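Heads up, run-v5.cif below (mmCIF, C-alpha atoms):
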data_model
loop_
_atom_site.label_atom_id
_atom_site.label_comp_id
_atom_site.auth_asym_id
_atom_site.auth_seq_id
_atom_site.Cartn_x
_atom_site.Cartn_y
_atom_site.Cartn_z
CA MET A 13 10.50 18.73 9.73
CA THR A 14 7.34 20.21 8.20
CA ASN A 15 7.64 23.27 10.44
CA GLN A 16 10.89 24.06 8.58
CA ILE A 17 9.02 24.44 5.30
CA SER A 18 7.53 27.82 4.51
CA ALA A 19 6.42 29.69 1.42
CA PHE A 20 8.93 30.05 -1.40
CA THR A 21 9.02 32.61 -4.19
CA SER A 22 11.53 31.19 -6.64
CA LEU A 23 13.29 28.08 -7.91
CA GLU A 24 16.51 29.26 -6.26
CA GLU A 25 14.83 29.45 -2.87
CA LEU A 26 13.54 25.93 -3.37
CA LYS A 27 17.03 24.66 -4.23
CA THR A 28 18.56 26.32 -1.19
CA ALA A 29 15.91 24.91 1.12
CA ALA A 30 16.24 21.44 -0.43
CA ALA A 31 19.99 21.39 0.18
CA ARG A 32 19.46 22.32 3.82
CA LEU A 33 16.69 19.76 4.34
CA ASP A 34 18.75 17.01 2.70
CA SER A 35 21.67 17.80 5.00
CA GLU A 36 19.38 17.43 8.03
CA ASP A 37 17.65 14.26 6.77
CA LYS A 38 17.97 11.43 9.32
CA LEU A 39 16.99 8.88 6.66
CA GLU A 40 19.41 10.04 3.98
CA SER A 41 21.67 6.98 4.37
CA TYR A 42 18.83 4.60 3.46
CA GLY A 43 19.08 5.59 -0.20
CA ALA A 44 22.21 3.44 -0.52
CA LEU A 45 20.10 0.37 0.27
CA PHE A 46 18.26 0.67 -3.07
CA ASP A 47 19.36 -0.04 -6.64
CA LEU A 48 17.78 3.02 -8.24
CA PRO A 49 18.70 3.77 -11.89
CA ASP A 50 21.12 6.65 -12.40
CA ASP A 51 19.61 10.07 -13.03
CA CYS A 52 16.07 8.85 -12.29
CA ILE A 53 13.69 10.78 -10.04
CA TYR A 54 11.30 8.02 -9.05
CA LEU A 55 8.02 9.36 -7.71
CA ASP A 56 5.99 6.21 -8.27
CA GLY A 57 6.78 4.16 -5.17
CA ASN A 58 3.05 4.21 -4.44
CA SER A 59 2.64 1.89 -7.46
CA LEU A 60 5.87 -0.11 -7.49
CA GLY A 61 8.72 0.29 -5.04
CA VAL A 62 12.38 0.42 -6.02
CA LEU A 63 14.58 -2.70 -5.93
CA PRO A 64 16.45 -3.05 -2.61
CA VAL A 65 20.05 -4.24 -2.91
CA SER A 66 19.29 -7.01 -0.40
CA ALA A 67 16.41 -8.26 -2.57
CA LYS A 68 18.60 -8.34 -5.66
CA LYS A 69 21.16 -10.45 -3.81
CA ARG A 70 18.48 -12.81 -2.45
CA ALA A 71 16.94 -13.29 -5.90
CA LYS A 72 20.25 -14.60 -7.21
CA GLU A 73 20.74 -16.83 -4.17
CA VAL A 74 17.26 -18.37 -4.17
CA VAL A 75 17.29 -19.09 -7.91
CA GLU A 76 20.86 -20.26 -8.37
CA GLN A 77 21.56 -22.01 -5.06
CA GLN A 78 18.33 -22.84 -3.25
CA TRP A 79 16.32 -23.87 -6.30
CA GLY A 80 19.17 -24.52 -8.73
CA ARG A 81 21.36 -26.68 -6.49
CA ASP A 82 19.48 -27.68 -3.35
CA LEU A 83 16.21 -28.34 -5.19
CA ILE A 84 13.34 -29.84 -3.19
CA SER A 85 15.43 -30.17 -0.02
CA SER A 86 15.15 -26.37 0.29
CA TRP A 87 11.65 -26.74 1.76
CA ASN A 88 13.46 -27.85 4.90
CA THR A 89 17.09 -26.73 4.59
CA HIS A 90 16.17 -23.17 3.61
CA ASN A 91 12.88 -23.17 5.53
CA TRP A 92 10.71 -22.42 2.51
CA ILE A 93 7.74 -23.98 4.25
CA ASP A 94 7.70 -21.34 6.99
CA LEU A 95 8.25 -18.29 4.78
CA PRO A 96 4.59 -17.12 4.96
CA ILE A 97 4.89 -16.93 8.76
CA ILE A 98 8.45 -15.54 8.78
CA VAL A 99 7.60 -12.77 6.32
CA GLY A 100 4.25 -12.15 8.00
CA GLU A 101 5.99 -11.49 11.31
CA LYS A 102 8.32 -8.96 9.69
CA ILE A 103 5.29 -7.14 8.28
CA ALA A 104 3.54 -7.35 11.66
CA LYS A 105 6.26 -5.18 13.22
CA ILE A 106 5.73 -2.56 10.52
CA VAL A 107 1.93 -2.43 10.95
CA GLY A 108 1.80 -2.53 14.74
CA ALA A 109 0.68 -6.10 15.28
CA ALA A 110 1.79 -8.60 17.90
CA PRO A 111 3.04 -12.00 16.67
CA SER A 112 0.78 -14.76 15.31
CA GLN A 113 -1.78 -12.50 13.58
CA THR A 114 -0.17 -11.60 10.24
CA LEU A 115 0.54 -13.89 7.30
CA CYS A 116 2.10 -13.34 3.88
CA CYS A 117 0.21 -15.05 1.08
CA ASP A 118 -1.73 -14.59 -2.15
CA SER A 119 -2.83 -11.09 -3.25
CA ILE A 120 -4.94 -8.32 -1.73
CA SER A 121 -7.91 -9.45 -3.82
CA VAL A 122 -7.72 -13.11 -2.77
CA ASN A 123 -7.10 -12.21 0.86
CA LEU A 124 -9.98 -9.77 0.79
CA PHE A 125 -12.28 -12.50 -0.47
CA LYS A 126 -11.24 -14.69 2.48
CA LEU A 127 -11.85 -11.92 5.01
CA LEU A 128 -15.17 -10.81 3.53
CA CYS A 129 -16.61 -14.34 3.61
CA GLY A 130 -15.23 -15.02 7.07
CA ALA A 131 -16.49 -11.72 8.50
CA LEU A 132 -19.97 -12.14 6.98
CA ASN A 133 -20.13 -15.61 8.49
CA MET A 134 -19.42 -14.05 11.90
CA ARG A 135 -22.42 -11.71 11.44
CA PRO A 136 -25.11 -14.14 10.19
CA ASN A 137 -28.00 -11.76 10.85
CA ARG A 138 -26.54 -8.91 8.82
CA LYS A 139 -25.71 -8.62 5.13
CA VAL A 140 -24.55 -5.09 4.28
CA VAL A 141 -20.92 -4.42 3.39
CA LEU A 142 -20.42 -0.68 3.68
CA SER A 143 -17.71 1.07 1.71
CA GLN A 144 -17.05 4.42 0.10
CA GLN A 145 -17.89 5.22 -3.49
CA ASP A 146 -14.32 6.02 -4.52
CA ASN A 147 -12.68 3.08 -2.81
CA PHE A 148 -10.09 1.27 -4.92
CA PRO A 149 -12.16 -0.61 -7.54
CA THR A 150 -10.82 -4.10 -6.84
CA ASP A 151 -12.13 -3.90 -3.27
CA LEU A 152 -15.60 -3.09 -4.55
CA TYR A 153 -15.32 -5.76 -7.24
CA MET A 154 -14.57 -8.41 -4.63
CA VAL A 155 -17.69 -7.49 -2.67
CA GLN A 156 -19.72 -7.64 -5.87
CA GLY A 157 -18.27 -11.08 -6.55
CA VAL A 158 -19.16 -12.32 -3.08
CA GLU A 159 -22.66 -10.87 -3.50
CA SER A 160 -23.18 -12.78 -6.76
CA LEU A 161 -21.86 -15.95 -5.12
CA LEU A 162 -23.86 -15.80 -1.88
CA SER A 163 -26.84 -13.78 -3.19
CA SER A 164 -27.98 -10.38 -1.95
CA GLN A 165 -29.67 -12.10 0.98
CA ARG A 166 -26.24 -12.72 2.54
CA CYS A 167 -24.11 -9.96 1.04
CA MET A 168 -25.13 -6.56 -0.28
CA LEU A 169 -22.69 -3.80 -1.16
CA ARG A 170 -23.63 -0.30 -0.06
CA THR A 171 -21.37 2.61 -1.02
CA VAL A 172 -21.57 6.17 0.25
CA ASP A 173 -19.56 9.35 -0.01
CA SER A 174 -16.68 9.35 2.46
CA ASN A 175 -18.30 12.24 4.33
CA ASN A 176 -21.33 10.04 5.03
CA LEU A 177 -19.53 6.99 6.38
CA GLU A 178 -20.08 7.71 10.06
CA ALA A 179 -23.77 8.46 9.57
CA SER A 180 -24.18 5.19 7.64
CA LEU A 181 -22.94 2.96 10.45
CA ASN A 182 -26.00 1.11 11.75
CA GLU A 183 -27.25 -2.32 12.84
CA GLU A 184 -27.80 -3.43 9.21
CA VAL A 185 -24.09 -3.28 8.46
CA ALA A 186 -22.07 -6.46 8.91
CA VAL A 187 -18.74 -5.23 7.57
CA LEU A 188 -17.15 -1.83 7.05
CA LEU A 189 -14.58 -2.11 4.25
CA LEU A 190 -12.24 0.84 3.78
CA THR A 191 -8.86 1.69 2.33
CA GLN A 192 -7.02 3.78 4.89
CA VAL A 193 -5.28 5.99 2.30
CA ASN A 194 -7.37 6.88 -0.74
CA TYR A 195 -5.52 5.74 -3.84
CA LYS A 196 -6.31 8.90 -5.81
CA THR A 197 -6.37 11.78 -3.35
CA GLY A 198 -4.13 10.36 -0.62
CA TYR A 199 -6.68 11.25 2.09
CA ILE A 200 -6.05 9.30 5.32
CA HIS A 201 -9.01 7.90 7.23
CA ASN A 202 -8.86 8.01 11.01
CA MET A 203 -8.56 4.26 11.49
CA ALA A 204 -8.83 4.29 15.28
CA LYS A 205 -11.96 6.47 15.29
CA LEU A 206 -13.86 4.68 12.52
CA THR A 207 -13.03 1.26 13.94
CA LYS A 208 -14.32 2.31 17.35
CA LEU A 209 -17.54 3.78 15.92
CA ALA A 210 -18.14 0.63 13.89
CA HIS A 211 -17.62 -1.61 16.90
CA GLU A 212 -20.20 0.39 18.85
CA LYS A 213 -22.74 -0.78 16.24
CA GLY A 214 -21.52 -4.38 16.24
CA ILE A 215 -19.79 -3.96 12.87
CA LEU A 216 -16.58 -5.77 11.89
CA VAL A 217 -14.00 -3.70 10.02
CA ILE A 218 -11.64 -4.69 7.21
CA TRP A 219 -8.88 -2.20 6.39
CA ASP A 220 -6.98 -2.15 3.10
CA LEU A 221 -3.43 -0.94 3.83
CA ALA A 222 -2.13 -0.87 0.26
CA HIS A 223 -1.02 2.77 0.49
CA SER A 224 -0.28 2.72 4.22
CA ALA A 225 2.14 -0.07 5.03
CA GLY A 226 5.70 1.22 4.98
CA VAL A 227 4.93 4.95 5.19
CA LEU A 228 2.47 5.37 8.07
CA ASP A 229 2.87 4.62 11.76
CA LEU A 230 0.22 1.91 12.04
CA LYS A 231 -1.06 0.40 15.30
CA LEU A 232 -3.45 -2.38 14.32
CA ASP A 233 -3.53 -3.98 17.76
CA ALA A 234 -3.79 -0.74 19.72
CA TRP A 235 -6.63 0.48 17.50
CA GLU A 236 -8.44 -2.88 17.91
CA VAL A 237 -8.62 -3.50 14.17
CA ASP A 238 -10.47 -6.70 13.26
CA PHE A 239 -9.00 -7.55 9.87
CA ALA A 240 -6.60 -6.03 7.35
CA VAL A 241 -5.07 -6.76 3.98
CA GLY A 242 -2.18 -5.13 2.22
CA CYS A 243 0.20 -5.42 -0.70
CA THR A 244 3.97 -5.51 -0.48
CA TYR A 245 5.11 -4.18 -3.86
CA LYS A 246 4.54 -0.50 -3.13
CA TYR A 247 6.25 1.09 -0.12
CA LEU A 248 7.47 -2.31 1.15
CA ASN A 249 9.47 -2.76 -2.08
CA GLY A 250 8.77 -6.48 -2.53
CA GLY A 251 8.79 -6.41 -6.34
CA PRO A 252 6.11 -6.68 -9.04
CA GLY A 253 3.39 -9.13 -8.06
CA ALA A 254 4.92 -9.78 -4.65
CA PRO A 255 2.50 -11.64 -2.36
CA GLY A 256 0.16 -9.67 -0.13
CA PHE A 257 -0.50 -9.99 3.56
CA VAL A 258 -3.50 -10.65 5.75
CA TYR A 259 -4.11 -9.73 9.39
CA VAL A 260 -6.69 -11.36 11.65
CA ALA A 261 -6.89 -10.11 15.24
CA GLN A 262 -6.04 -12.79 17.78
CA ARG A 263 -9.47 -12.50 19.42
CA HIS A 264 -11.16 -13.60 16.16
CA LEU A 265 -8.96 -16.52 15.12
CA ALA A 266 -10.94 -19.24 16.89
CA GLN A 267 -14.27 -18.14 15.36
CA PHE A 268 -12.99 -16.92 11.98
CA LYS A 269 -13.26 -19.36 9.08
CA GLN A 270 -12.07 -18.52 5.61
CA PRO A 271 -13.64 -20.34 2.65
CA LEU A 272 -10.59 -21.19 0.51
CA SER A 273 -9.70 -24.34 2.43
CA GLY A 274 -6.54 -25.27 0.60
CA TRP A 275 -4.11 -27.90 1.81
CA MET A 276 -1.59 -25.44 3.26
CA GLY A 277 -4.26 -24.16 5.65
CA HIS A 278 -4.88 -27.68 6.98
CA SER A 279 -3.77 -28.37 10.54
CA ASN A 280 -1.53 -31.17 9.22
CA PRO A 281 -1.08 -30.70 5.45
CA PHE A 282 1.40 -33.55 4.96
CA GLN A 283 -0.97 -36.05 6.49
CA PHE A 284 -2.94 -35.75 3.22
CA SER A 285 -6.25 -36.40 4.91
CA PRO A 286 -9.29 -36.35 2.59
CA ASN A 287 -11.17 -34.21 5.10
CA TYR A 288 -10.26 -30.61 5.78
CA GLN A 289 -9.37 -29.67 9.34
CA SER A 290 -8.52 -26.00 9.70
CA ASN A 291 -5.73 -24.55 11.71
CA LYS A 292 -7.20 -22.28 14.36
CA ASN A 293 -4.31 -19.87 14.05
CA ILE A 294 -3.35 -17.36 11.34
CA SER A 295 -2.02 -20.22 9.16
CA GLN A 296 -5.62 -21.09 8.28
CA CYS A 297 -5.44 -18.20 5.79
CA LEU A 298 -3.00 -20.18 3.65
CA THR A 299 -4.42 -21.87 0.60
CA GLY A 300 -2.04 -23.29 -1.99
CA THR A 301 1.73 -23.63 -2.16
CA PRO A 302 3.48 -20.34 -1.35
CA ALA A 303 5.18 -18.43 -4.17
CA ILE A 304 8.67 -19.10 -2.85
CA ILE A 305 10.81 -17.05 -5.22
CA SER A 306 8.81 -13.84 -4.87
CA MET A 307 8.29 -14.37 -1.14
CA SER A 308 12.01 -14.94 -0.60
CA ILE A 309 12.79 -11.69 -2.39
CA LEU A 310 10.21 -9.89 -0.27
CA ASP A 311 11.73 -11.42 2.86
CA ALA A 312 15.06 -9.80 2.02
CA ALA A 313 13.46 -6.51 0.98
CA LEU A 314 11.79 -6.14 4.37
CA ASP A 315 15.18 -6.13 6.09
CA VAL A 316 15.40 -2.47 5.04
CA PHE A 317 12.89 -1.78 7.84
CA ASN A 318 14.96 -3.38 10.59
CA ASN A 319 15.37 -0.92 13.49
CA LEU A 320 13.67 1.81 11.45
CA SER A 321 11.47 4.32 13.25
CA MET A 322 8.16 4.64 11.43
CA LEU A 323 7.67 8.00 13.14
CA GLN A 324 10.76 9.26 11.31
CA VAL A 325 9.38 7.87 8.06
CA VAL A 326 6.07 9.69 8.61
CA GLU A 327 7.86 12.92 9.49
CA LYS A 328 9.89 12.86 6.28
CA SER A 329 6.88 11.79 4.22
CA GLN A 330 4.91 14.79 5.41
CA ALA A 331 7.86 17.09 4.81
CA LEU A 332 8.38 15.83 1.25
CA THR A 333 4.75 16.24 0.27
CA GLU A 334 4.55 19.64 2.00
CA PHE A 335 7.68 20.76 0.15
CA PHE A 336 6.25 19.61 -3.17
CA ILE A 337 2.97 21.46 -2.62
CA ALA A 338 4.89 24.60 -1.63
CA GLY A 339 6.96 24.20 -4.79
CA LEU A 340 3.85 24.04 -6.97
CA THR A 341 2.84 27.43 -5.59
CA ALA A 342 6.33 28.94 -5.82
CA LEU A 343 6.62 28.00 -9.50
CA GLU A 344 3.05 29.14 -10.20
CA LEU A 345 1.98 25.67 -11.22
CA ASP A 346 -0.95 25.51 -8.82
CA THR A 347 -3.33 27.27 -11.22
CA ASP A 348 -2.75 24.69 -13.98
CA LEU A 349 -2.38 21.69 -11.70
CA ILE A 350 -5.21 21.57 -9.18
CA CYS A 351 -4.21 19.76 -6.00
CA ILE A 352 -6.85 17.29 -4.80
CA SER A 353 -4.83 15.92 -1.88
CA PRO A 354 -5.52 17.24 1.62
CA LEU A 355 -3.44 20.29 2.50
CA GLU A 356 -3.17 19.23 6.15
CA PRO A 357 -0.08 16.99 6.41
CA GLU A 358 -1.66 14.68 8.98
CA LEU A 359 -4.54 13.92 6.60
CA ARG A 360 -2.33 13.20 3.59
CA GLY A 361 -0.62 9.94 2.70
CA SER A 362 2.80 9.85 1.08
CA GLN A 363 1.57 11.23 -2.23
CA VAL A 364 0.29 14.39 -3.86
CA ALA A 365 -2.36 14.17 -6.56
CA VAL A 366 -3.22 16.93 -9.01
CA THR A 367 -5.70 17.16 -11.86
CA HIS A 368 -5.23 18.48 -15.38
CA PRO A 369 -7.14 17.79 -18.62
CA ASN A 370 -3.86 16.50 -20.13
CA ALA A 371 -2.69 14.58 -17.06
CA PHE A 372 -1.75 11.46 -19.02
CA ALA A 373 0.37 13.36 -21.54
CA ILE A 374 2.06 15.37 -18.79
CA CYS A 375 2.95 12.12 -17.05
CA GLN A 376 4.48 10.72 -20.24
CA ALA A 377 6.44 13.92 -20.82
CA LEU A 378 7.83 13.70 -17.29
CA ILE A 379 8.86 10.07 -17.80
CA LYS A 380 10.67 11.11 -20.98
CA ARG A 381 12.75 13.37 -18.71
CA ASN A 382 13.45 10.56 -16.22
CA VAL A 383 10.93 11.86 -13.70
CA VAL A 384 8.60 8.93 -13.07
CA ALA A 385 5.13 9.76 -11.76
CA ASP A 386 1.87 8.01 -12.63
CA PHE A 387 -1.58 8.64 -14.06
CA ARG A 388 -5.03 7.59 -12.88
CA ALA A 389 -8.04 8.01 -15.14
CA PRO A 390 -9.60 10.25 -16.05
CA ASN A 391 -7.36 13.24 -15.24
CA VAL A 392 -5.25 12.57 -12.14
CA LEU A 393 -1.47 12.87 -11.98
CA ARG A 394 0.00 11.25 -8.86
CA PHE A 395 3.39 11.86 -7.28
CA GLY A 396 4.42 9.27 -4.70
CA PHE A 397 7.15 10.08 -2.18
CA ALA A 398 8.96 7.07 -0.70
CA PRO A 399 10.93 8.62 2.16
CA LEU A 400 13.68 5.98 2.16
CA TYR A 401 15.03 6.80 -1.29
CA ILE A 402 13.64 10.24 -2.22
CA GLY A 403 15.32 13.46 -1.15
CA PHE A 404 14.28 17.11 -1.27
CA SER A 405 16.66 17.90 -4.13
CA ASP A 406 14.91 15.15 -6.11
CA VAL A 407 11.64 16.99 -5.53
CA VAL A 408 13.12 20.24 -6.87
CA ARG A 409 14.34 18.51 -10.03
CA ALA A 410 10.88 17.05 -10.55
CA LEU A 411 9.25 20.45 -10.06
CA GLU A 412 11.69 22.06 -12.48
CA SER A 413 10.85 19.51 -15.18
CA LEU A 414 7.14 19.92 -14.49
CA LYS A 415 7.44 23.70 -14.85
CA GLN A 416 9.15 23.39 -18.24
CA ILE A 417 6.56 20.91 -19.50
CA ILE A 418 3.61 23.09 -18.44
CA ALA A 419 5.10 26.43 -19.49
CA ASN A 420 6.09 25.19 -22.95
CA LYS A 421 3.02 22.95 -23.39
CA VAL A 422 5.34 20.06 -24.19
CA TYR A 423 2.48 17.70 -23.32
CA LEU A 424 0.73 18.62 -26.58
CA ASN A 425 3.31 16.61 -28.51
CA PRO A 426 1.36 13.68 -30.07
CA GLU A 427 3.91 11.13 -28.84
CA PHE A 428 2.76 11.73 -25.26
CA GLU A 429 -0.84 10.74 -26.08
CA VAL A 430 0.04 7.17 -27.05
CA LYS A 431 -1.35 4.78 -24.44
CA SER A 432 -0.07 1.31 -23.65
CA LYS A 433 -2.00 -1.43 -21.85
CA VAL A 434 -0.79 -0.21 -18.46
CA THR A 435 -1.44 3.46 -17.84
#
Output the file's structure as structure tokens, nothing else.
Amino acid sequence: MTNQISAFTSLEELKTAAARLDSEDKLESYGALFDLPDDCIYLDGNSLGVLPVSAKKRAKEVVEQQWGRDLISSWNTHNWIDLPIIVGEKIAKIVGAAPSQTLCCDSISVNLFKLLCGALNMRPNRKVVLSQQDNFPTDLYMVQGVESLLSSQRCMLRTVDSNNLEASLNEEVAVLLLTQVNYKTGYIHNMAKLTKLAHEKGILVIWDLAHSAGVLDLKLDAWEVDFAVGCTYKYLNGGPGAPGFVYVAQRHLAQFKQPLSGWMGHSNPFQFSPNYQSNKNISQCLTGTPAIISMSILDAALDVFNNLSMLQVVEKSQALTEFFIAGLTALELDTDLICISPLEPELRGSQVAVTHPNAFAICQALIKRNVVADFRAPNVLRFGFAPLYIGFSDVVRALESLKQIIANKVYLNPEFEVKSKVT
């Protein structure tokens, strides 16, 4: 689809091209599966996905019937107890993993703590956790927390520029911790290559898939990934605070041991033994009681991906972002809004990031016009393109609003400088 996008010289050319691309869109019908507010151009699916109709229906069912009427019997009658495995297997199909390696539980941060401790324990003679300087902060915070817990003799964070990652892989490094798609720029790491290079040095690799799952064609097994974490409330549309997921390659499960030995990770939790005996399968990554309501909603939301080709999703994702970048140039916005995302489609996640000194105010002005993007400090404006519910005509409407805001300096209005807790 990207080869159908060329340079444009006017808004009218963009509109004509958008109509043609929408008519050829193989994923156009998926928009009906989402409960998107009327007249809203939602370009923030990389922060919070839109509500699927199936999830809305399940929320009502699980609250009113399963919890409201069937009460505690639902652990068996509605199979609540197996939801972490059931949902994990649905995610496994999306990320290219065979069964019995992926589990839905907790959050990215908690799951990352489990994997970091377990991976370091598997490399007792090494202590360095290598990451990149602009990794998502919570990933770096978790390493810092582990370092303060275990001491720098067992865990030491080392961060480098992304261009220096390969050169920094050596026999001191125990774990390479990377986010596949950079949260600000959208740059995509070559997961297969970096994993292979790390393995050649005896390094275990943990991948954060927060901005990957649901928009990239992932092949965790084929690329011999060791461990991965991910969230489900972005492109997987699981809802705010939906539980994350954790992946442990089958070859590591017998040796891997995570430190949060909660009762649900016990080999027989309802035996209530005073001594912990770990499951040797992926269920060992469970800790406390699963968050049933949110996990049930996520379970329904993931049905959107049934029989969906991730290659088609990637193709449309690249086309949408390519079209948006071409539109910035056509409307002469590229001198005010400096694109920091890779220009090569294959290196760019499903977002386009630009910088501007007034990025926050521009974002607020767009939201006022029902075009929802998001801001990342200090000066980054991000546009996320969820291929299942965003069309090319939506992109044109967003560009048109952006042009009016920049041309008329609407962002200088004081109301757009007011910041809330969440920016």
Give me the residues of range 239-346 of chain A that have any atom at most 12 Å from an atom of range 181-192 of chain A; for each, the nearest atom pair and the distance in Å, rounded to one decimal. Use only C-alpha atoms, sort by chain and number, and format it as a tab-separated table.
residue	atom	partner	partner_atom	distance
A:Phe239	CA	A:Leu189	CA	9.6
A:Ala240	CA	A:Leu189	CA	9.4
A:Val241	CA	A:Thr191	CA	9.4
A:Gly242	CA	A:Thr191	CA	9.5
A:Cys243	CA	A:Thr191	CA	11.9
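Look at everything within 7 Å of (2.3, 9.0, -10.6) using all atoms listed in the file, and the residues you get are Leu55, Asp56, Val384, Ala385, Asp386, Phe387, Leu393, Arg394, Phe395 and Gly396 of chain A.
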Practice item. Just the residues within 10 Å of range 84-99 of chain A, please, counting all atoms listed in the file, with nothing from its chain fewer than 2 positions along; format it as a ChimeraX atom specification. Key: /A:74,77-82,101-104,111-118,255,257,276,294-295,298,301-305,307-308,310-312,314
Check your understanding: Looking at A:Thr299, A:Phe336, A:Ser66, A:Met154, which one is nearest to Gln270 in chain A, with distances taken over only C-alpha atoms?
Key -> A:Thr299
Point to revise | Interatomic distance (Å, one decimal) between CA of His368 in chain A and CA of Gly226 in chain A | key: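 For CA of His368 in chain A relative to CA of Gly226 in chain A, the distance reads 28.8 Å.
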Exercise for review: Considering all atoms listed in the file, state which residue in the set A:Ala30, A:Ala225, A:Ala204, A:Met134 is at the smallest distance from Gly256 in chain A.
Suggested key: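 Going through A:Ala30, A:Ala225, A:Ala204, A:Met134 one by one, the smallest distance to Gly256 in chain A is for A:Ala225.
Between Leu340 in chain A and the residues A:Ser432, A:Thr21, A:Asn175, A:Thr197, the shortest atom-to-atom distance, using only C-alpha atoms, involves A:Thr21.
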Review point. In Å, how far is it from CA of Glu327 in chain A to CA of Glu178 in chain A?
Key: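 Taking CA of Glu327 in chain A as the start and CA of Glu178 in chain A as the end point, the length is 28.4 Å.
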Exercise for review: Starting from the displayed file, determine the output of the PyMOL selection byres ((chain A and resi 146-149) around 8) and express the residue list as a list of chain:residue names.
Suggested key: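 For this structure, the PyMOL selection byres ((chain A and resi 146-149) around 8) resolves to A:Ser143, A:Gln144, A:Gln145, A:Thr150, A:Asp151, A:Leu152, A:Tyr153, A:Asp173, A:Leu190, A:Thr191, A:Asn194, A:Tyr195.
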Exercise for review: Let me know the residues the PyMOL selection byres ((chain A and resi 155) around 9) catches in the file above, as a ChimeraX atom specification.
Suggested key: /A:124-125,128,141,150-154,156-160,167-169
Work out where the centre of an axis-aligned box around every listed atom of range 146-151 of chain A lies and how long its edges are once 3 Å is added on each side; give both in Å to one decimal as JSON.
{"center_x": -12.2, "center_y": 1.0, "center_z": -5.2, "size_x": 10.2, "size_y": 16.1, "size_z": 10.7}
Exercise for review: Take the PyMOL selection byres ((chain A and resi 328) around 9), apply it to the structure above, and return the hits as a list in words.
Suggested key: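 Against this file, the PyMOL selection byres ((chain A and resi 328) around 9) returns the residues Met13, Thr14, Asp37, Lys38, Leu39, Leu323, Gln324, Val325, Val326, Glu327, Ser329, Gln330, Ala331, Leu332, Thr333, Pro399 and Leu400 of chain A.
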Kindly provide the residues of range 339-396 of chain A that approach range 247-254 of chain A to within 12 Å, each paired with its closest atom pair and their distance in Å to one decimal, based on only C-alpha atoms, listed by chain and increasing number, as JSON lines.
{"residue": "A:Gly361", "atom": "CA", "partner": "A:Tyr247", "partner_atom": "CA", "distance": 11.6}
{"residue": "A:Ser362", "atom": "CA", "partner": "A:Tyr247", "partner_atom": "CA", "distance": 9.5}
{"residue": "A:Gln363", "atom": "CA", "partner": "A:Tyr247", "partner_atom": "CA", "distance": 11.4}
{"residue": "A:Gly396", "atom": "CA", "partner": "A:Tyr247", "partner_atom": "CA", "distance": 9.6}
Point to revise | Pick from A:Asn293, A:Phe46, A:Gly108, A:Gly300 nearest to Ala234 in chain A, counting only C-alpha atoms | key: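 For Ala234 in chain A, the nearest of the candidates is A:Gly108.
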Point to revise | d(CA of Gly274 in chain A, CA of Ile218 in chain A) in Å | key: 22.2 Å
Practice item. For the point (-2.4, 19.0, -1.4) in the file's frame, write as a list in words all residues with an atom no more than 9 Å away, counting all atoms listed in the file. Key: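 Nearby residues: Thr197, Gly198, Thr333, Glu334, Phe336, Ile337, Ile350, Cys351, Ile352, Ser353, Pro354, Leu355, Glu356, Pro357, Arg360, Gln363, Val364, Ala365 and Val366 of chain A.
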Review point. Excluding same-chain residues fewer than 5 positions from Asp406 in chain A, what lies within 10 Å of it counting only C-alpha atoms, as a ChimeraX atom specification?
Key: /A:27,30,34,51-55,332,383,401,411-412
Limited to C-alpha atoms, could you put the picked residues into a file as an mmCIF file, in the coordinates of the input?
data_model
loop_
_atom_site.group_PDB
_atom_site.id
_atom_site.type_symbol
_atom_site.label_atom_id
_atom_site.label_comp_id
_atom_site.auth_asym_id
_atom_site.auth_seq_id
_atom_site.Cartn_x
_atom_site.Cartn_y
_atom_site.Cartn_z
ATOM 1 C CA LYS A 27 17.030 24.660 -4.230
ATOM 2 C CA ALA A 30 16.240 21.440 -0.430
ATOM 3 C CA ASP A 34 18.750 17.010 2.700
ATOM 4 C CA ASP A 51 19.610 10.070 -13.030
ATOM 5 C CA CYS A 52 16.070 8.850 -12.290
ATOM 6 C CA ILE A 53 13.690 10.780 -10.040
ATOM 7 C CA TYR A 54 11.300 8.020 -9.050
ATOM 8 C CA LEU A 55 8.020 9.360 -7.710
ATOM 9 C CA LEU A 332 8.380 15.830 1.250
ATOM 10 C CA VAL A 383 10.930 11.860 -13.700
ATOM 11 C CA TYR A 401 15.030 6.800 -1.290
ATOM 12 C CA LEU A 411 9.250 20.450 -10.060
ATOM 13 C CA GLU A 412 11.690 22.060 -12.480
#
Practice item. Identify, on the basis of only C-alpha atoms, every residue whose closest approach to range 417-422 of chain A does not exceed 9 Å; exclude the query and any residue fewer than 4 positions from it along the same chain; express the result as a list in words. Key: Leu345, Asp348, Ala373, Ile374, Ala377, Leu378, Glu412, Ser413 and Phe428 of chain A
Review point. Taking into account all atoms listed in the file, which residue in the set A:Asn425, A:Ser306, A:Thr207, A:Ser224 is nearest to Ala71 in chain A?
Key: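 Selected residue with least distance to Ala71 in chain A: A:Ser306.
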**Study point:** Selected residue, from A:Met203, A:Gly57, A:Leu45, A:Val430, that lies nearest to Lys69 in chain A when counting all atoms listed in the file
**Key:**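 Ranked by minimum distance to Lys69 in chain A, first place goes to A:Leu45.
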